[in-house]
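Shown here: data_13.tsv, TSV, C-alpha atoms and all ligand atoms.
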chain	number	residue	atom	x	y	z
A	197	MET	CA	23.58	1.86	-18.45
A	198	LYS	CA	20.26	1.49	-16.61
A	199	LYS	CA	20.14	2.46	-12.94
A	200	THR	CA	20.00	-0.34	-10.39
A	201	PHE	CA	17.15	-0.22	-7.87
A	202	GLY	CA	17.46	-1.46	-4.31
A	203	ILE	CA	14.05	-2.53	-3.04
A	204	ILE	CA	13.67	-2.74	0.74
A	205	GLY	CA	10.55	-4.80	1.32
A	206	ALA	CA	9.87	-7.63	-1.13
A	207	GLY	CA	6.13	-7.96	-0.60
A	208	ASN	CA	3.17	-6.80	-2.67
A	209	ILE	CA	4.46	-3.35	-3.62
A	210	GLY	CA	8.15	-4.25	-3.79
A	211	GLN	CA	7.53	-7.12	-6.21
A	212	THR	CA	5.04	-5.15	-8.28
A	213	VAL	CA	7.40	-2.22	-8.81
A	214	ALA	CA	10.27	-4.67	-9.40
A	215	ARG	CA	8.33	-6.27	-12.28
A	216	HIS	CA	7.83	-2.91	-13.98
A	217	LEU	CA	11.49	-1.98	-13.50
A	218	LEU	CA	12.73	-5.32	-14.81
A	219	LYS	CA	10.52	-5.02	-17.88
A	220	ALA	CA	12.17	-1.65	-18.58
A	221	GLY	CA	15.64	-3.21	-18.19
A	222	HIS	CA	16.59	-2.02	-14.70
A	223	PRO	CA	18.44	-4.51	-12.48
A	224	VAL	CA	16.77	-4.84	-9.08
A	225	ILE	CA	18.12	-6.09	-5.78
A	226	LEU	CA	15.56	-6.98	-3.15
A	227	ALA	CA	15.70	-7.42	0.61
A	228	ASN	CA	13.08	-8.43	3.15
A	229	SER	CA	13.17	-9.01	6.88
A	230	SER	CA	13.63	-12.76	6.77
A	231	GLY	CA	15.97	-13.37	3.78
A	232	GLY	CA	16.78	-17.01	3.07
A	233	ASN	CA	14.74	-19.33	0.91
A	234	ALA	CA	11.61	-17.19	0.84
A	235	LEU	CA	13.53	-14.26	-0.64
A	236	ASN	CA	15.38	-16.52	-3.10
A	237	GLU	CA	12.03	-17.88	-4.27
A	238	ILE	CA	10.69	-14.34	-4.81
A	239	VAL	CA	13.79	-13.37	-6.78
A	240	ARG	CA	13.52	-16.54	-8.87
A	241	SER	CA	9.89	-15.75	-9.70
A	242	LEU	CA	10.88	-12.23	-10.81
A	243	GLY	CA	13.37	-13.67	-13.29
A	244	PRO	CA	16.59	-12.38	-14.88
A	245	GLY	CA	17.85	-9.07	-13.55
A	246	ALA	CA	16.55	-9.64	-10.03
A	247	THR	CA	18.87	-10.58	-7.18
A	248	ALA	CA	18.53	-11.03	-3.44
A	249	GLY	CA	20.55	-8.89	-1.07
A	250	THR	CA	20.91	-7.96	2.52
A	251	ILE	CA	19.14	-4.80	3.62
A	252	GLN	CA	22.55	-3.10	3.74
A	253	GLU	CA	23.44	-4.17	0.17
A	254	THR	CA	20.07	-3.07	-1.11
A	255	ALA	CA	20.58	0.38	0.39
A	256	GLN	CA	23.74	0.83	-1.74
A	257	ALA	CA	21.86	0.72	-5.08
A	258	ASP	CA	21.63	3.78	-7.34
A	259	ILE	CA	18.02	4.39	-6.30
A	260	VAL	CA	16.38	2.86	-3.21
A	261	LEU	CA	12.67	2.05	-2.93
A	262	LEU	CA	11.09	1.79	0.52
A	263	SER	CA	8.30	-0.80	0.29
A	264	LEU	CA	8.22	-2.08	3.84
A	265	PRO	CA	5.71	-1.47	6.63
A	266	TRP	CA	5.65	2.07	8.04
A	267	SER	CA	6.43	0.79	11.53
A	268	GLU	CA	9.73	-0.66	10.23
A	269	VAL	CA	11.18	2.48	8.66
A	270	PRO	CA	13.01	3.54	11.87
A	271	THR	CA	15.08	0.31	11.63
A	272	LEU	CA	16.76	1.72	8.49
A	273	THR	CA	18.34	4.82	10.04
A	274	LYS	CA	21.75	3.31	10.75
A	275	ILE	CA	22.10	0.71	7.98
A	276	THR	CA	23.99	3.07	5.65
A	277	ASP	CA	25.04	6.68	5.16
A	278	TRP	CA	21.89	8.04	3.53
A	279	ASN	CA	23.41	11.41	2.66
A	280	GLY	CA	22.71	12.26	-1.00
A	281	ARG	CA	20.98	8.96	-1.78
A	282	VAL	CA	17.83	9.02	-3.91
A	283	VAL	CA	15.10	7.20	-1.96
A	284	ILE	CA	11.58	6.59	-3.23
A	285	ASP	CA	9.13	6.39	-0.34
A	286	ALA	CA	6.20	4.13	-1.20
A	287	THR	CA	5.16	3.61	2.41
A	288	ASN	CA	1.83	4.63	3.93
A	289	HIS	CA	1.66	5.54	7.60
A	290	PHE	CA	-0.94	2.98	8.64
A	291	ILE	CA	-0.80	1.69	12.17
A	292	THR	CA	-3.73	-0.70	11.64
A	293	TYR	CA	-5.11	-2.29	8.50
A	294	ALA	CA	-8.59	-3.54	7.53
A	295	PRO	CA	-11.18	-2.76	8.61
A	296	GLU	CA	-10.10	0.41	10.50
A	297	PHE	CA	-7.09	1.57	8.43
A	298	LYS	CA	-5.87	3.92	11.17
A	299	VAL	CA	-2.95	6.22	10.39
A	300	GLN	CA	-0.38	7.53	12.83
A	301	ASP	CA	-0.99	11.06	14.08
A	302	LEU	CA	1.98	13.02	12.70
A	303	GLY	CA	0.76	16.50	13.63
A	304	ASP	CA	1.52	18.91	10.81
A	305	LYS	CA	4.19	16.69	9.24
A	306	ALA	CA	3.80	14.74	6.03
A	307	SER	CA	4.67	11.06	6.43
A	308	SER	CA	7.55	11.43	3.96
A	309	GLU	CA	8.93	14.30	6.06
A	310	VAL	CA	9.08	11.85	8.94
A	311	VAL	CA	10.84	9.34	6.67
A	312	ALA	CA	13.29	12.08	5.63
A	313	SER	CA	14.10	12.77	9.28
A	314	LEU	CA	14.76	9.05	9.83
A	315	LEU	CA	17.16	8.79	6.83
A	316	PRO	CA	19.39	11.86	7.30
A	317	GLY	CA	20.43	13.52	4.04
A	318	ALA	CA	18.43	11.17	1.80
A	319	ARG	CA	16.77	12.82	-1.19
A	320	ILE	CA	13.24	11.54	-0.63
A	321	VAL	CA	10.72	11.27	-3.44
A	322	LYS	CA	7.21	10.09	-2.58
A	323	ALA	CA	5.82	7.77	-5.28
A	324	PHE	CA	4.17	4.38	-5.92
A	325	ASN	CA	2.13	4.68	-2.69
A	326	THR	CA	-1.35	5.64	-3.90
A	327	ILE	CA	-2.56	2.68	-5.95
A	328	PHE	CA	-3.54	-0.80	-4.75
A	329	TYR	CA	-0.76	-3.16	-5.79
A	330	LYS	CA	-2.98	-5.31	-8.01
A	331	THR	CA	-3.97	-2.23	-10.01
A	332	LEU	CA	-0.38	-1.00	-10.06
A	333	ALA	CA	0.62	-4.37	-11.51
A	334	GLU	CA	-1.58	-3.90	-14.57
A	335	ASP	CA	-0.39	-2.44	-17.86
A	336	PRO	CA	-0.13	1.36	-17.34
A	337	ASN	CA	-0.83	1.96	-21.04
A	338	ILE	CA	-4.61	2.21	-21.29
A	339	ALA	CA	-6.51	2.99	-24.50
A	340	GLY	CA	-3.88	5.47	-25.62
A	341	GLY	CA	-3.51	7.01	-22.14
A	342	HIS	CA	-1.19	6.34	-19.21
A	343	ARG	CA	-2.02	5.44	-15.61
A	344	VAL	CA	-1.17	8.36	-13.31
A	345	LEU	CA	1.42	8.12	-10.54
A	346	PHE	CA	1.76	11.08	-8.18
A	347	VAL	CA	5.23	12.26	-7.27
A	348	SER	CA	6.43	14.80	-4.72
A	349	GLY	CA	9.77	15.78	-3.25
A	350	ASN	CA	11.98	18.64	-2.12
A	351	ASP	CA	15.05	17.72	-4.18
A	352	LEU	CA	14.26	18.76	-7.75
A	353	GLU	CA	17.03	16.69	-9.36
A	354	ALA	CA	16.00	13.51	-7.51
A	355	LYS	CA	12.33	14.12	-8.31
A	356	SER	CA	13.12	14.70	-11.97
A	357	GLU	CA	15.08	11.45	-12.13
A	358	VAL	CA	12.24	9.48	-10.54
A	359	LYS	CA	9.68	11.11	-12.85
A	360	SER	CA	11.77	10.07	-15.87
A	361	VAL	CA	11.93	6.49	-14.67
A	362	ILE	CA	8.17	6.44	-13.99
A	363	ALA	CA	7.46	7.77	-17.48
A	364	SER	CA	9.80	5.18	-18.99
A	365	LEU	CA	7.70	2.45	-17.33
A	366	GLY	CA	4.61	3.73	-19.16
A	367	PHE	CA	2.99	5.68	-16.30
A	368	ALA	CA	2.13	9.38	-16.34
A	369	PRO	CA	3.94	11.12	-13.46
A	370	ILE	CA	2.11	14.09	-11.96
A	371	ASP	CA	4.29	16.37	-9.85
A	372	LEU	CA	2.51	17.61	-6.72
A	373	GLY	CA	5.36	19.78	-5.49
A	374	ASN	CA	7.26	19.50	-2.22
A	375	LEU	CA	6.95	16.94	0.55
A	376	HIS	CA	5.16	19.20	3.01
A	377	GLU	CA	2.32	20.10	0.70
A	378	GLY	CA	2.44	17.64	-2.21
A	379	SER	CA	3.05	14.43	-0.40
A	380	LYS	CA	0.27	15.18	2.07
A	381	LEU	CA	-2.15	15.05	-0.85
A	382	GLN	CA	-0.94	11.64	-1.97
A	383	GLN	CA	-0.23	9.99	1.40
A	384	ALA	CA	-2.73	7.72	3.16
A	385	LYS	CA	-6.00	9.61	3.82
A	386	GLY	CA	-4.85	12.47	1.54
A	387	ALA	CA	-7.23	13.83	-1.11
A	388	LEU	CA	-5.49	11.91	-3.92
A	389	ALA	CA	-4.83	8.65	-2.06
A	390	THR	CA	-6.21	5.51	-3.78
A	391	LEU	CA	-7.27	7.40	-6.92
A	392	ASN	CA	-6.75	5.38	-10.08
A	393	LEU	CA	-6.55	7.94	-12.89
A	394	VAL	CA	-5.52	7.77	-16.52
A	395	ARG	CA	-4.03	10.75	-18.35
A	396	PHE	CA	-4.95	11.13	-22.00
B	401	LIG	N1	-0.36	-3.24	-0.68
B	401	LIG	C1	-0.64	-2.14	-1.38
B	401	LIG	O1	-1.50	-2.17	-2.28
B	401	LIG	C2	0.13	-0.88	-1.10
B	401	LIG	C3	-0.07	0.21	-1.95
B	401	LIG	C4	0.67	1.37	-1.77
B	401	LIG	C5	1.58	1.45	-0.72
B	401	LIG	N2	1.74	0.39	0.13
B	401	LIG	C6	2.70	0.52	1.23
B	401	LIG	O2	3.86	-0.21	0.85
B	401	LIG	C7	4.46	-0.77	2.01
B	401	LIG	C8	4.54	-2.28	1.81
B	401	LIG	O3	3.22	-2.79	1.67
B	401	LIG	P1	3.00	-4.26	1.09
B	401	LIG	O4	1.54	-4.41	0.89
B	401	LIG	O5	3.95	-4.52	-0.03
B	401	LIG	O6	3.44	-5.13	2.38
B	401	LIG	P2	3.81	-6.67	2.42
B	401	LIG	O7	3.27	-7.39	1.25
B	401	LIG	O8	3.45	-7.12	3.79
B	401	LIG	O9	5.42	-6.66	2.29
B	401	LIG	C9	6.22	-6.05	3.24
B	401	LIG	C10	7.65	-6.42	2.94
B	401	LIG	O10	8.49	-5.68	3.83
B	401	LIG	C11	9.43	-6.59	4.40
B	401	LIG	N3	9.91	-6.09	5.67
B	401	LIG	C12	9.25	-6.03	6.86
B	401	LIG	N4	10.06	-5.47	7.78
B	401	LIG	C13	11.23	-5.20	7.17
B	401	LIG	C14	12.46	-4.65	7.60
B	401	LIG	N5	12.63	-4.24	8.87
B	401	LIG	N6	13.46	-4.52	6.70
B	401	LIG	C15	13.30	-4.94	5.43
B	401	LIG	N7	12.17	-5.47	4.95
B	401	LIG	C16	11.14	-5.60	5.82
B	401	LIG	C17	8.68	-7.91	4.51
B	401	LIG	O11	9.61	-8.94	4.67
B	401	LIG	P3	9.19	-10.34	5.39
B	401	LIG	O12	8.06	-10.89	4.60
B	401	LIG	O13	10.44	-11.14	5.34
B	401	LIG	O14	8.78	-9.94	6.79
B	401	LIG	C18	7.97	-7.91	3.16
B	401	LIG	O15	8.86	-8.33	2.15
B	401	LIG	C19	3.60	-0.36	3.20
B	401	LIG	O16	4.16	0.78	3.80
B	401	LIG	C20	2.26	-0.04	2.56
B	401	LIG	O17	1.51	0.89	3.31
B	401	LIG	C21	1.03	-0.77	-0.04
Target format structure tokens, applied to this file:
Amino acid sequence: MKKTFGIIGAGNIGQTVARHLLKAGHPVILANSSGGNALNEIVRSLGPGATAGTIQETAQADIVLLSLPWSEVPTLTKITDWNGRVVIDATNHFITYAPEFKVQDLGDKASSEVVASLLPGARIVKAFNTIFYKTLAEDPNIAGGHRVLFVSGNDLEAKSEVKSVIASLGFAPIDLGNLHEGSKLQQAKGALATLNLVRF
């Protein structure tokens, strides 16, 4: 039985990851901020296996993907009991977009450590945040190699599960270690952010 993914944020990244998951046979449930017809239309375009949910329903899935704006993450704290839940954090901590692309000053904290503090007990795995969504949408199997996706997290079991799913989609997961050190490399403005690499 394939794991169900709850995708909070049904925009560029949410839909792109949903397409890869659906292709691999995972049911996906998506939520956005507005719901209604717009969300139903998105779900219809994704095809069989995709359903629309409330944000609360989406947070009950086996694995939750955060693909909403950074500024909105604090709204999720009280929507469910996050304790023990595997949550993939694909957000980037931008406070402005083009042309400045300013990030929030988080001091010594990694952005996913801030997310972890906002979702108490969640087993956070940082992934799917480094590549532009149009590139992420492309076939990850390239000339015998696999497009790289960086992964970091403190919970080894959760990270291992997410790495397995990523590999099953055709990507090459590269484990950067824990959130404090690893995810800083892959988060916005980190040394590995935006890199589009292929592992042969
Ligand atoms: N775009 C990229 O290439 C890219 C790459 C890597 C990482 N990221 C990161 O991924 C995240 C999403 O980016 P995106 O480009 O996919 O943004 P986007 O296209 O603007 O989509 C954002 C989605 O989040 C939903 N949303 C907003 N507030 C919400 C809330 N409070 N609860 C639930 N859903 C909410 C929006 O719903 P409504 O439309 O109904 O408001 C929309 O479906 C950001 O943190 C971004 O930094 C983006």
Set out as a Markdown table a contact list for chain A and ligand LIG 401 (chain B) with a cut-off of 8 Å, giving each residue of chain A that qualifies its closest atom pair and distance in Å to one decimal, counting only C-alpha atoms and all ligand atoms, ordered by chain and rising residue number.
| residue | atom | partner | partner_atom | distance |
| --- | --- | --- | --- | --- |
| A:Ile204 | CA | B:LIG401 | C15 | 5.2 |
| A:Gly205 | CA | B:LIG401 | O10 | 3.4 |
| A:Ala206 | CA | B:LIG401 | O15 | 3.5 |
| A:Gly207 | CA | B:LIG401 | O9 | 3.2 |
| A:Asn208 | CA | B:LIG401 | O5 | 3.6 |
| A:Ile209 | CA | B:LIG401 | O5 | 3.8 |
| A:Gly210 | CA | B:LIG401 | O5 | 5.6 |
| A:Gln211 | CA | B:LIG401 | O5 | 7.6 |
| A:Ala227 | CA | B:LIG401 | N7 | 5.9 |
| A:Asn228 | CA | B:LIG401 | N7 | 3.6 |
| A:Ser229 | CA | B:LIG401 | O13 | 3.8 |
| A:Ser230 | CA | B:LIG401 | O13 | 3.9 |
| A:Gly231 | CA | B:LIG401 | O13 | 6.2 |
| A:Ala234 | CA | B:LIG401 | O13 | 7.6 |
| A:Leu235 | CA | B:LIG401 | O13 | 7.4 |
| A:Ile251 | CA | B:LIG401 | C15 | 6.1 |
| A:Leu262 | CA | B:LIG401 | C7 | 7.3 |
| A:Ser263 | CA | B:LIG401 | C7 | 4.2 |
| A:Leu264 | CA | B:LIG401 | O10 | 3.6 |
| A:Pro265 | CA | B:LIG401 | O16 | 3.9 |
| A:Trp266 | CA | B:LIG401 | O16 | 4.7 |
| A:Glu268 | CA | B:LIG401 | N5 | 4.8 |
| A:Val269 | CA | B:LIG401 | N5 | 6.9 |
| A:Thr271 | CA | B:LIG401 | N5 | 5.9 |
| A:Leu272 | CA | B:LIG401 | N5 | 7.3 |
| A:Ala286 | CA | B:LIG401 | O2 | 5.3 |
| A:Thr287 | CA | B:LIG401 | O16 | 3.3 |
| A:Asn288 | CA | B:LIG401 | O17 | 3.8 |
| A:His289 | CA | B:LIG401 | O17 | 6.3 |
| A:Phe290 | CA | B:LIG401 | O17 | 6.2 |
| A:Phe324 | CA | B:LIG401 | C4 | 6.2 |
| A:Asn325 | CA | B:LIG401 | C4 | 3.7 |
| A:Thr326 | CA | B:LIG401 | C4 | 5.2 |
| A:Ile327 | CA | B:LIG401 | C3 | 5.3 |
| A:Phe328 | CA | B:LIG401 | O1 | 3.5 |
| A:Tyr329 | CA | B:LIG401 | O1 | 3.7 |
| A:Lys330 | CA | B:LIG401 | O1 | 6.7 |
| A:Leu332 | CA | B:LIG401 | O1 | 7.9 |
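Note that CA of Ile320 in chain A and CA of Asp258 in chain A are 13.3 Å apart.
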Fewer than 4 positions away in the same chain doesn't count, so skip those; otherwise give me all residues within 9 Å of Val347 in chain A, counting all atoms listed in the file, as a compact mmCIF listing (two decimals) with C-alpha atoms, in the frame of the given file.
# COMPACT_ATOMS: atom_id res chain seq x y z
CA VAL A 321 10.72 11.27 -3.44
CA LYS A 322 7.21 10.09 -2.58
CA ALA A 323 5.82 7.77 -5.28
CA PHE A 324 4.17 4.38 -5.92
CA LYS A 355 12.33 14.12 -8.31
CA VAL A 358 12.24 9.48 -10.54
CA LYS A 359 9.68 11.11 -12.85
CA PRO A 369 3.94 11.12 -13.46
CA ILE A 370 2.11 14.09 -11.96
CA ASP A 371 4.29 16.37 -9.85
CA LEU A 372 2.51 17.61 -6.72
CA GLY A 373 5.36 19.78 -5.49
CA GLY A 378 2.44 17.64 -2.21
CA SER A 379 3.05 14.43 -0.40
CA GLN A 382 -0.94 11.64 -1.97
Quiz prompt | Nearest residue to Lys198 in chain A from the set A:His216, A:His342, A:Arg240, A:His222 (distances using all atoms listed in the file) | solution = A:His222
Mind listing whatever residues come within 9 Å of the point (-8.7, 4.5, -12.0)? Use only C-alpha atoms, file coordinates, and give them as a tab-separated table (two decimals) with C-alpha atoms, keeping the file's coordinate frame.
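In the end it all went to part.tsv:
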chain	number	residue	atom	x	y	z
A	327	ILE	CA	-2.56	2.68	-5.95
A	331	THR	CA	-3.97	-2.23	-10.01
A	343	ARG	CA	-2.02	5.44	-15.61
A	344	VAL	CA	-1.17	8.36	-13.31
A	390	THR	CA	-6.21	5.51	-3.78
A	391	LEU	CA	-7.27	7.40	-6.92
A	392	ASN	CA	-6.75	5.38	-10.08
A	393	LEU	CA	-6.55	7.94	-12.89
A	394	VAL	CA	-5.52	7.77	-16.52
